[in-house]
>>> print(open('coords-v9.pdb').read())   # PDB, C-alpha atoms
ATOM      1  CA  GLN A 514     111.733 102.202  81.296
ATOM      2  CA  ARG A 515     110.208 102.315  77.822
ATOM      3  CA  ILE A 516     106.767 101.472  79.151
ATOM      4  CA  LEU A 517     106.997 104.156  81.837
ATOM      5  CA  TRP A 518     108.095 106.654  79.177
ATOM      6  CA  ILE A 519     105.079 105.732  77.013
ATOM      7  CA  VAL A 520     102.781 106.134  80.004
ATOM      8  CA  ASN A 521     104.310 109.531  80.694
ATOM      9  CA  GLN A 522     103.791 110.624  77.073
ATOM     10  CA  SER A 523     100.398 109.025  76.399
ATOM     11  CA  TYR A 524      98.443 109.255  79.633
ATOM     12  CA  SER A 525      98.442 112.894  80.625
ATOM     13  CA  PHE A 526      95.895 112.232  83.393
ATOM     14  CA  VAL A 527      98.488 110.163  85.308
ATOM     15  CA  GLU A 528     100.132 112.738  87.549
ATOM     16  CA  MET A 529     101.581 110.414  90.142
ATOM     17  CA  CYS A 530     101.266 106.655  90.447
ATOM     18  CA  PRO A 531     104.083 105.274  92.595
ATOM     19  CA  VAL A 532     102.864 101.693  92.323
ATOM     20  CA  LEU A 533     103.492 101.567  88.545
ATOM     21  CA  PRO A 534     107.176 100.527  88.696
ATOM     22  CA  PRO A 535     106.545  97.600  91.084
ATOM     23  CA  LEU A 536     103.468  96.597  89.082
ATOM     24  CA  LEU A 537     105.467  96.625  85.851
ATOM     25  CA  THR A 538     108.143  94.514  87.509
ATOM     26  CA  VAL A 539     105.631  91.761  88.232
ATOM     27  CA  LEU A 540     103.988  91.953  84.836
ATOM     28  CA  LEU A 541     107.331  91.773  83.026
ATOM     29  CA  CYS A 542     108.181  88.585  84.935
ATOM     30  CA  PHE A 543     105.308  86.844  83.162
ATOM     31  CA  LEU A 544     104.588  88.850  80.008
ATOM     32  CA  ASP A 545     106.549  90.434  77.191
ATOM     33  CA  GLU A 546     106.601  94.225  76.749
ATOM     34  CA  PRO A 547     103.602  94.525  74.383
ATOM     35  CA  GLN A 548     101.467  92.299  76.623
ATOM     36  CA  THR A 549     102.581  94.211  79.705
ATOM     37  CA  PHE A 550     101.692  97.494  78.061
ATOM     38  CA  SER A 551      98.259  96.118  77.085
ATOM     39  CA  VAL A 552      97.515  95.100  80.671
ATOM     40  CA  LEU A 553      98.744  98.441  81.977
ATOM     41  CA  HIS A 554      96.696 100.315  79.375
ATOM     42  CA  CYS A 555      93.535  98.449  80.457
ATOM     43  CA  MET A 556      94.253  99.170  84.127
ATOM     44  CA  LEU A 557      94.846 102.880  83.548
ATOM     45  CA  GLU A 558      91.742 103.204  81.392
ATOM     46  CA  GLN A 559      89.685 101.389  84.013
ATOM     47  CA  ALA A 560      91.045 103.740  86.684
ATOM     48  CA  ARG A 561      90.178 106.796  84.580
ATOM     49  CA  SER A 562      86.727 105.409  83.722
ATOM     50  CA  ARG A 563      85.881 104.881  87.391
ATOM     51  CA  VAL A 564      86.857 108.448  88.228
ATOM     52  CA  LYS A 565      84.785 109.794  85.311
ATOM     53  CA  GLN A 566      81.808 107.795  86.586
ATOM     54  CA  GLY A 567      82.187 109.502  89.945
ATOM     55  CA  GLU A 568      83.321 106.428  91.865
ATOM     56  CA  ASP A 569      85.362 107.294  94.914
ATOM     57  CA  ARG A 570      86.798 103.800  95.180
ATOM     58  CA  TRP A 571      89.939 103.963  93.108
ATOM     59  CA  TYR A 572      91.141 101.009  91.227
ATOM     60  CA  LEU A 573      94.541 102.608  90.725
ATOM     61  CA  PRO A 574      95.167 106.062  92.249
ATOM     62  CA  TYR A 575      96.981 108.247  89.752
ATOM     63  CA  ASN A 576      97.196 111.682  91.352
ATOM     64  CA  GLN A 577      98.127 113.223  94.683
ATOM     65  CA  ALA A 578      94.535 113.857  95.798
ATOM     66  CA  GLN A 579      93.601 110.215  95.242
ATOM     67  CA  LEU A 580      96.729 109.006  97.040
ATOM     68  CA  ASP A 581      95.922 111.240 100.013
ATOM     69  CA  LYS A 582      92.312 110.031 100.141
ATOM     70  CA  TYR A 583      93.465 106.421  99.875
ATOM     71  CA  THR A 584      95.806 106.939 102.815
ATOM     72  CA  THR A 585      92.997 108.562 104.812
ATOM     73  CA  ALA A 586      90.764 105.605 103.952
ATOM     74  CA  ALA A 587      93.446 103.160 105.092
ATOM     75  CA  MET A 588      93.825 104.962 108.400
ATOM     76  CA  THR A 589      90.040 105.038 108.921
ATOM     77  CA  VAL A 590      89.795 101.314 108.285
ATOM     78  CA  ALA A 591      92.810 100.679 110.531
ATOM     79  CA  ARG A 592      91.174 102.632 113.374
ATOM     80  CA  ASN A 593      88.078 100.463 112.971
ATOM     81  CA  HIS A 594      90.024  97.198 113.141
ATOM     82  CA  ILE A 595      93.250  97.714 115.103
ATOM     83  CA  ALA A 596      92.660 100.846 117.178
ATOM     84  CA  ALA A 597      94.626  99.689 120.229
ATOM     85  CA  LEU A 598      97.630  98.769 118.082
ATOM     86  CA  LEU A 599      97.487 102.152 116.323
ATOM     87  CA  SER A 600      97.486 103.878 119.710
ATOM     88  CA  HIS A 601     100.605 101.944 120.714
ATOM     89  CA  LEU A 602     102.309 102.785 117.410
ATOM     90  CA  GLU A 603     101.490 106.456 117.911
ATOM     91  CA  ARG A 604     102.890 106.411 121.482
ATOM     92  CA  ILE A 605     106.233 105.040 120.323
ATOM     93  CA  GLY A 606     106.489 107.460 117.397
ATOM     94  CA  PHE A 607     105.762 105.142 114.470
ATOM     95  CA  ASP A 608     104.061 107.140 111.697
ATOM     96  CA  THR A 609     101.465 104.657 110.460
ATOM     97  CA  ARG A 610     100.009 107.110 107.942
ATOM     98  CA  SER A 611     103.402 107.590 106.273
ATOM     99  CA  TRP A 612     103.968 103.838 106.340
ATOM    100  CA  PHE A 613     100.663 103.243 104.525
ATOM    101  CA  TYR A 614     101.436 106.034 102.079
ATOM    102  CA  GLY A 615     105.026 105.034 101.325
ATOM    103  CA  ARG A 616     105.441 101.327 101.934
ATOM    104  CA  VAL A 617     101.938 100.003 101.378
ATOM    105  CA  LEU A 618     100.611 102.067  98.482
ATOM    106  CA  GLY A 619     103.738 103.790  97.242
ATOM    107  CA  ASP A 620     105.838 100.646  96.986
ATOM    108  CA  GLY A 621     102.934  98.265  96.608
ATOM    109  CA  LEU A 622     104.428  96.296  99.522
ATOM    110  CA  SER A 623     107.407  95.412  97.301
ATOM    111  CA  ARG A 624     109.977  96.159 100.020
ATOM    112  CA  LEU A 625     108.015  94.343 102.707
ATOM    113  CA  LEU A 626     107.412  90.937 101.104
ATOM    114  CA  PRO A 627     109.628  88.406  99.322
ATOM    115  CA  LEU A 628     109.056  88.233  95.564
ATOM    116  CA  CYS A 629     107.124  84.955  95.642
ATOM    117  CA  GLN A 630     104.692  86.409  98.202
ATOM    118  CA  TRP A 631     104.572  89.828  96.599
ATOM    119  CA  THR A 632     103.451  88.352  93.261
ATOM    120  CA  ARG A 633     100.354  86.967  95.011
ATOM    121  CA  VAL A 634      99.504  90.430  96.304
ATOM    122  CA  MET A 635     100.099  92.002  92.892
ATOM    123  CA  SER A 636      97.953  89.360  91.187
ATOM    124  CA  ALA A 637      95.096  90.201  93.522
ATOM    125  CA  MET A 638      95.723  93.899  92.917
ATOM    126  CA  ILE A 639      95.309  93.473  89.160
ATOM    127  CA  SER A 640      91.800  92.128  89.630
ATOM    128  CA  GLU A 641      90.681  94.100  92.700
ATOM    129  CA  GLY A 642      92.700  97.290  92.614
ATOM    130  CA  CYS A 643      94.679  99.066  95.305
ATOM    131  CA  LYS A 644      92.219  98.083  98.012
ATOM    132  CA  VAL A 645      94.300  94.885  98.151
ATOM    133  CA  PHE A 646      97.290  96.891  99.406
ATOM    134  CA  MET A 647      95.153  98.286 102.212
ATOM    135  CA  ARG A 648      94.063  94.772 103.155
ATOM    136  CA  PHE A 649      97.617  93.394 103.207
ATOM    137  CA  GLY A 650      98.976  96.442 105.035
ATOM    138  CA  LEU A 651      96.387  95.938 107.768
ATOM    139  CA  ALA A 652      97.157  92.211 107.804
ATOM    140  CA  LEU A 653     100.889  92.860 108.263
ATOM    141  CA  LEU A 654     100.117  94.999 111.290
ATOM    142  CA  LYS A 655      97.597  92.553 112.744
ATOM    143  CA  VAL A 656      99.687  89.408 112.198
ATOM    144  CA  ASN A 657     102.644  91.101 113.897
ATOM    145  CA  SER A 658     100.604  92.866 116.583
ATOM    146  CA  GLU A 659     101.994  90.816 119.494
ATOM    147  CA  ALA A 660     105.603  91.567 118.516
ATOM    148  CA  ILE A 661     104.768  95.205 117.751
ATOM    149  CA  ARG A 662     103.229  95.693 121.205
ATOM    150  CA  LYS A 663     106.585  94.696 122.718
ATOM    151  CA  CYS A 664     108.394  97.402 120.726
ATOM    152  CA  SER A 665     109.446 100.628 122.414
ATOM    153  CA  THR A 666     110.739 102.468 119.323
ATOM    154  CA  ALA A 667     109.577 103.083 115.766
ATOM    155  CA  ALA A 668     112.818 101.494 114.483
ATOM    156  CA  GLU A 669     111.943  98.214 116.202
ATOM    157  CA  VAL A 670     108.535  98.225 114.504
ATOM    158  CA  GLU A 671     110.139  98.962 111.141
ATOM    159  CA  ASN A 672     112.503  95.997 111.644
ATOM    160  CA  ILE A 673     109.576  93.675 112.349
ATOM    161  CA  LEU A 674     107.577  94.892 109.359
ATOM    162  CA  SER A 675     110.625  94.641 107.082
ATOM    163  CA  SER A 676     111.679  91.161 108.204
ATOM    164  CA  LYS A 677     110.044  89.429 105.209
ATOM    165  CA  ALA A 678     109.410  86.373 107.383
ATOM    166  CA  PHE A 679     105.669  86.059 106.858
ATOM    167  CA  ASP A 680     103.410  83.096 106.199
ATOM    168  CA  ILE A 681     101.694  84.288 103.019
ATOM    169  CA  ASP A 682      98.739  81.930 103.461
ATOM    170  CA  ARG A 683      98.040  83.276 106.949
ATOM    171  CA  LEU A 684      98.633  86.851 105.769
ATOM    172  CA  THR A 685      96.198  86.366 102.872
ATOM    173  CA  LYS A 686      93.554  84.862 105.145
ATOM    174  CA  VAL A 687      93.832  87.771 107.572
ATOM    175  CA  ALA A 688      93.892  90.329 104.734
ATOM    176  CA  PHE A 689      90.693  89.066 103.173
ATOM    177  CA  GLY A 690      89.053  88.596 106.563
ATOM    178  CA  PHE A 691      88.788  92.338 107.105
ATOM    179  CA  GLN A 692      85.349  93.801 106.599
ATOM    180  CA  ILE A 693      86.039  97.179 105.094
ATOM    181  CA  ARG A 694      82.549  98.140 104.037
ATOM    182  CA  SER A 695      80.560 101.033 105.279
ATOM    183  CA  SER A 696      76.826 101.558 105.348
ATOM    184  CA  ASN A 697      77.574 105.252 105.726
ATOM    185  CA  PRO A 698      77.253 106.759 102.225
ATOM    186  CA  LYS A 699      78.962 109.957 103.345
ATOM    187  CA  ALA A 700      82.057 108.029 104.452
ATOM    188  CA  MET A 701      82.192 106.225 101.129
ATOM    189  CA  GLN A 702      81.803 109.486  99.197
ATOM    190  CA  GLY A 703      84.672 110.948 101.174
ATOM    191  CA  GLY A 704      86.922 108.125 100.089
ATOM    192  CA  GLU A 705      87.315 106.943 103.656
ATOM    193  CA  VAL A 706      86.033 103.412 103.177
ATOM    194  CA  TYR A 707      86.264 100.973 100.300
ATOM    195  CA  ASP A 708      83.909  98.102  99.624
TER     196      ASP A 708
END
>>> encode(input="coords-v9.pdb", output="structure tokens")
Amino acid sequence: QRILWIVNQSYSFVEMCPVLPPLLTVLLCFLDEPQTFSVLHCMLEQARSRVKQGEDRWYLPYNQAQLDKYTTAAMTVARNHIAALLSHLERIGFDTRSWFYGRVLGDGLSRLLPLCQWTRVMSAMISEGCKVFMRFGLALLKVNSEAIRKCSTAAEVENILSSKAFDIDRLTKVAFGFQIRSSNPKAMQGGEVYD
């Protein structure tokens, strides 16, 4: 709580960053408070620096507009890779956009993966940024696509995605197998695609 209070007092540009508490949880498992704060400081400064340089690929979204654009980007990438599955999810009333916004970015996948698997995702996030959450969110959907296609309600899908019974090696391979680049500069400027 002290670190979050310091962030609140010292980083006025951070309006909203729901992934901070889960990120701090992982960092505090391996580092003491001063080290954790140093890592967090570097991450926040890198995020701010990228925005100041006009990059639309956020390392760590820290306001509502960036979170919304990230979610839009995730949905665009999902439509490019798992369109048929998204159509099925829409038909049965599963709100994929809200799932990406809340469970994937908002929670940093912390409620979807066991701690030992989640630390791998968070480690990748520290070096690559929140794009990693998009990758793993897509991978969770793709790896479970056969079971999801058998679902007839959104609750059944939620149960599958919350089961925490995932092979992290397979999930990682699928996550980093997605090509989420765009040769369309307009799409990248709109925050719809990350590279």
>>> residues_around(input="coords-v9.pdb", residues="segment 535-540 of chain A", least_positions_apart="4", cutoff="10 Å", atoms="all atoms listed in the file", output="PyMOL selection string")
chain A and resi 514+516-517+531+544-546+548-550+552-553+619-624+628+631-633+635-636+638-639
>>> resolve_selection(input="coords-v9.pdb", expression="the PyMOL selection byres ((chain A and resi 647-661) around 7)", output="VMD selection string")
chain A and resid 587 591 598 617 643 to 646 662 to 664 670 684 687 to 689
>>> write_last_selection(input="coords-v9.pdb", atoms="C-alpha atoms", output="mmCIF file, keeping the file's coordinate frame")
data_model
loop_
_atom_site.group_PDB
_atom_site.id
_atom_site.type_symbol
_atom_site.label_atom_id
_atom_site.label_comp_id
_atom_site.auth_asym_id
_atom_site.auth_seq_id
_atom_site.Cartn_x
_atom_site.Cartn_y
_atom_site.Cartn_z
ATOM 1 C CA ALA A 587 93.446 103.160 105.092
ATOM 2 C CA ALA A 591 92.810 100.679 110.531
ATOM 3 C CA LEU A 598 97.630 98.769 118.082
ATOM 4 C CA VAL A 617 101.938 100.003 101.378
ATOM 5 C CA CYS A 643 94.679 99.066 95.305
ATOM 6 C CA LYS A 644 92.219 98.083 98.012
ATOM 7 C CA VAL A 645 94.300 94.885 98.151
ATOM 8 C CA PHE A 646 97.290 96.891 99.406
ATOM 9 C CA ARG A 662 103.229 95.693 121.205
ATOM 10 C CA LYS A 663 106.585 94.696 122.718
ATOM 11 C CA CYS A 664 108.394 97.402 120.726
ATOM 12 C CA VAL A 670 108.535 98.225 114.504
ATOM 13 C CA LEU A 684 98.633 86.851 105.769
ATOM 14 C CA VAL A 687 93.832 87.771 107.572
ATOM 15 C CA ALA A 688 93.892 90.329 104.734
ATOM 16 C CA PHE A 689 90.693 89.066 103.173
#
>>> residues_around(input="coords-v9.pdb", residues="Val527 of chain A", least_positions_apart="4", cutoff="10 Å", atoms="only C-alpha atoms", output="compact mmCIF listing (two decimals) with C-alpha atoms, in the frame of the given file")
# COMPACT_ATOMS: atom_id res chain seq x y z
CA VAL A 520 102.78 106.13 80.00
CA ASN A 521 104.31 109.53 80.69
CA GLN A 522 103.79 110.62 77.07
CA SER A 523 100.40 109.02 76.40
CA LEU A 557 94.85 102.88 83.55
CA ALA A 560 91.04 103.74 86.68
CA ARG A 561 90.18 106.80 84.58
CA PRO A 574 95.17 106.06 92.25
CA TYR A 575 96.98 108.25 89.75
CA ASN A 576 97.20 111.68 91.35
CA GLN A 577 98.13 113.22 94.68
>>> atom_distance(input="coords-v9.pdb", atom1="atom CA of Ala637 of chain A", atom2="atom CA of Lys686 of chain A")
12.9 Å
>>> atom_distance(input="coords-v9.pdb", atom1="atom CA of Lys677 of chain A", atom2="atom CA of Trp612 of chain A")
15.7 Å
>>> atom_distance(input="coords-v9.pdb", atom1="atom CA of Thr666 of chain A", atom2="atom CA of Phe607 of chain A")
7.4 Å
>>> axis_aligned_box(input="coords-v9.pdb", around="segment 591-605 of chain A", padding_each_side="3 Å", output="lines of an AutoDock Vina configuration file")
center_x = 97.2
center_y = 101.8
center_z = 116.0
size_x = 24.2
size_y = 15.3
size_z = 17.0
>>> closest_residue(input="coords-v9.pdb", among="A:Tyr524, A:Phe691, A:Phe543, A:Tyr572", to="Met556 of chain A", atoms="all atoms listed in the file")
A:Tyr572
>>> closest_residue(input="coords-v9.pdb", among="A:Leu580, A:Cys629, A:Ile605, A:Leu533", to="Ser665 of chain A", atoms="all atoms listed in the file")
A:Ile605
>>> build_atoms(input="coords-v9.pdb", residues="segment 592-603 of chain A", atoms="all heavy atoms", output="PDB file, keeping the file's coordinate frame")
ATOM      1  N   ARG A 592      91.751 102.249 112.077  1.00  0.00           N
ATOM      2  CA  ARG A 592      91.174 102.632 113.374  1.00  0.00           C
ATOM      3  C   ARG A 592      89.974 101.762 113.732  1.00  0.00           C
ATOM      4  O   ARG A 592      89.716 101.496 114.905  1.00  0.00           O
ATOM      5  CB  ARG A 592      90.789 104.108 113.377  1.00  0.00           C
ATOM      6  CG  ARG A 592      91.957 105.038 113.657  1.00  0.00           C
ATOM      7  CD  ARG A 592      91.516 106.474 113.914  1.00  0.00           C
ATOM      8  NE  ARG A 592      91.085 107.168 112.727  1.00  0.00           N
ATOM      9  CZ  ARG A 592      91.906 107.696 111.807  1.00  0.00           C
ATOM     10  NH1 ARG A 592      93.196 107.594 111.960  1.00  0.00           N
ATOM     11  NH2 ARG A 592      91.430 108.316 110.758  1.00  0.00           N
ATOM     12  N   ASN A 593      89.238 101.318 112.719  1.00  0.00           N
ATOM     13  CA  ASN A 593      88.078 100.463 112.971  1.00  0.00           C
ATOM     14  C   ASN A 593      88.470  99.042 113.352  1.00  0.00           C
ATOM     15  O   ASN A 593      87.695  98.344 113.992  1.00  0.00           O
ATOM     16  CB  ASN A 593      87.165 100.415 111.736  1.00  0.00           C
ATOM     17  CG  ASN A 593      86.458 101.722 111.489  1.00  0.00           C
ATOM     18  OD1 ASN A 593      86.273 102.520 112.402  1.00  0.00           O
ATOM     19  ND2 ASN A 593      86.089 101.966 110.252  1.00  0.00           N
ATOM     20  N   HIS A 594      89.646  98.593 112.935  1.00  0.00           N
ATOM     21  CA  HIS A 594      90.024  97.198 113.141  1.00  0.00           C
ATOM     22  C   HIS A 594      91.162  96.983 114.130  1.00  0.00           C
ATOM     23  O   HIS A 594      91.214  95.929 114.761  1.00  0.00           O
ATOM     24  CB  HIS A 594      90.398  96.556 111.798  1.00  0.00           C
ATOM     25  CG  HIS A 594      89.239  96.385 110.885  1.00  0.00           C
ATOM     26  ND1 HIS A 594      88.314  95.389 111.033  1.00  0.00           N
ATOM     27  CD2 HIS A 594      88.827  97.115 109.822  1.00  0.00           C
ATOM     28  CE1 HIS A 594      87.399  95.489 110.099  1.00  0.00           C
ATOM     29  NE2 HIS A 594      87.689  96.535 109.344  1.00  0.00           N
ATOM     30  N   ILE A 595      92.083  97.917 114.229  1.00  0.00           N
ATOM     31  CA  ILE A 595      93.250  97.714 115.103  1.00  0.00           C
ATOM     32  C   ILE A 595      93.551  98.990 115.893  1.00  0.00           C
ATOM     33  O   ILE A 595      94.696  99.427 115.979  1.00  0.00           O
ATOM     34  CB  ILE A 595      94.484  97.251 114.284  1.00  0.00           C
ATOM     35  CG1 ILE A 595      94.778  98.205 113.117  1.00  0.00           C
ATOM     36  CG2 ILE A 595      94.328  95.822 113.802  1.00  0.00           C
ATOM     37  CD1 ILE A 595      96.088  97.930 112.404  1.00  0.00           C
ATOM     38  N   ALA A 596      92.524  99.563 116.485  1.00  0.00           N
ATOM     39  CA  ALA A 596      92.660 100.846 117.178  1.00  0.00           C
ATOM     40  C   ALA A 596      93.698 100.808 118.301  1.00  0.00           C
ATOM     41  O   ALA A 596      94.514 101.730 118.430  1.00  0.00           O
ATOM     42  CB  ALA A 596      91.308 101.291 117.726  1.00  0.00           C
ATOM     43  N   ALA A 597      93.684  99.760 119.105  1.00  0.00           N
ATOM     44  CA  ALA A 597      94.626  99.689 120.229  1.00  0.00           C
ATOM     45  C   ALA A 597      96.067  99.625 119.723  1.00  0.00           C
ATOM     46  O   ALA A 597      96.964 100.274 120.273  1.00  0.00           O
ATOM     47  CB  ALA A 597      94.321  98.474 121.102  1.00  0.00           C
ATOM     48  N   LEU A 598      96.289  98.866 118.658  1.00  0.00           N
ATOM     49  CA  LEU A 598      97.630  98.769 118.082  1.00  0.00           C
ATOM     50  C   LEU A 598      98.070 100.113 117.511  1.00  0.00           C
ATOM     51  O   LEU A 598      99.218 100.532 117.691  1.00  0.00           O
ATOM     52  CB  LEU A 598      97.667  97.688 117.001  1.00  0.00           C
ATOM     53  CG  LEU A 598      99.036  97.418 116.386  1.00  0.00           C
ATOM     54  CD1 LEU A 598     100.026  96.941 117.441  1.00  0.00           C
ATOM     55  CD2 LEU A 598      98.906  96.386 115.268  1.00  0.00           C
ATOM     56  N   LEU A 599      97.156 100.820 116.850  1.00  0.00           N
ATOM     57  CA  LEU A 599      97.487 102.152 116.323  1.00  0.00           C
ATOM     58  C   LEU A 599      97.865 103.111 117.445  1.00  0.00           C
ATOM     59  O   LEU A 599      98.784 103.915 117.296  1.00  0.00           O
ATOM     60  CB  LEU A 599      96.324 102.734 115.518  1.00  0.00           C
ATOM     61  CG  LEU A 599      96.093 102.165 114.133  1.00  0.00           C
ATOM     62  CD1 LEU A 599      94.937 102.883 113.458  1.00  0.00           C
ATOM     63  CD2 LEU A 599      97.331 102.243 113.278  1.00  0.00           C
ATOM     64  N   SER A 600      97.161 103.023 118.557  1.00  0.00           N
ATOM     65  CA  SER A 600      97.486 103.878 119.710  1.00  0.00           C
ATOM     66  C   SER A 600      98.896 103.585 120.206  1.00  0.00           C
ATOM     67  O   SER A 600      99.660 104.507 120.515  1.00  0.00           O
ATOM     68  CB  SER A 600      96.486 103.662 120.839  1.00  0.00           C
ATOM     69  OG  SER A 600      95.219 104.097 120.456  1.00  0.00           O
ATOM     70  N   HIS A 601      99.249 102.312 120.285  1.00  0.00           N
ATOM     71  CA  HIS A 601     100.605 101.944 120.714  1.00  0.00           C
ATOM     72  C   HIS A 601     101.638 102.486 119.722  1.00  0.00           C
ATOM     73  O   HIS A 601     102.661 103.053 120.128  1.00  0.00           O
ATOM     74  CB  HIS A 601     100.736 100.427 120.847  1.00  0.00           C
ATOM     75  CG  HIS A 601     102.135  99.981 121.124  1.00  0.00           C
ATOM     76  ND1 HIS A 601     102.761 100.201 122.344  1.00  0.00           N
ATOM     77  CD2 HIS A 601     103.054  99.371 120.336  1.00  0.00           C
ATOM     78  CE1 HIS A 601     104.000  99.734 122.284  1.00  0.00           C
ATOM     79  NE2 HIS A 601     104.200  99.223 121.072  1.00  0.00           N
ATOM     80  N   LEU A 602     101.378 102.302 118.435  1.00  0.00           N
ATOM     81  CA  LEU A 602     102.309 102.785 117.410  1.00  0.00           C
ATOM     82  C   LEU A 602     102.499 104.298 117.510  1.00  0.00           C
ATOM     83  O   LEU A 602     103.613 104.802 117.379  1.00  0.00           O
ATOM     84  CB  LEU A 602     101.809 102.396 116.011  1.00  0.00           C
ATOM     85  CG  LEU A 602     101.883 100.905 115.687  1.00  0.00           C
ATOM     86  CD1 LEU A 602     101.122 100.599 114.407  1.00  0.00           C
ATOM     87  CD2 LEU A 602     103.329 100.447 115.572  1.00  0.00           C
ATOM     88  N   GLU A 603     101.413 104.997 117.764  1.00  0.00           N
ATOM     89  CA  GLU A 603     101.490 106.456 117.911  1.00  0.00           C
ATOM     90  C   GLU A 603     102.336 106.832 119.134  1.00  0.00           C
ATOM     91  O   GLU A 603     103.168 107.740 119.071  1.00  0.00           O
ATOM     92  CB  GLU A 603     100.080 107.032 118.043  1.00  0.00           C
ATOM     93  CG  GLU A 603     100.028 108.542 118.022  1.00  0.00           C
ATOM     94  CD  GLU A 603      98.593 109.034 118.078  1.00  0.00           C
ATOM     95  OE1 GLU A 603      97.817 108.712 117.166  1.00  0.00           O
ATOM     96  OE2 GLU A 603      98.264 109.740 119.060  1.00  0.00           O
TER      97      GLU A 603
END
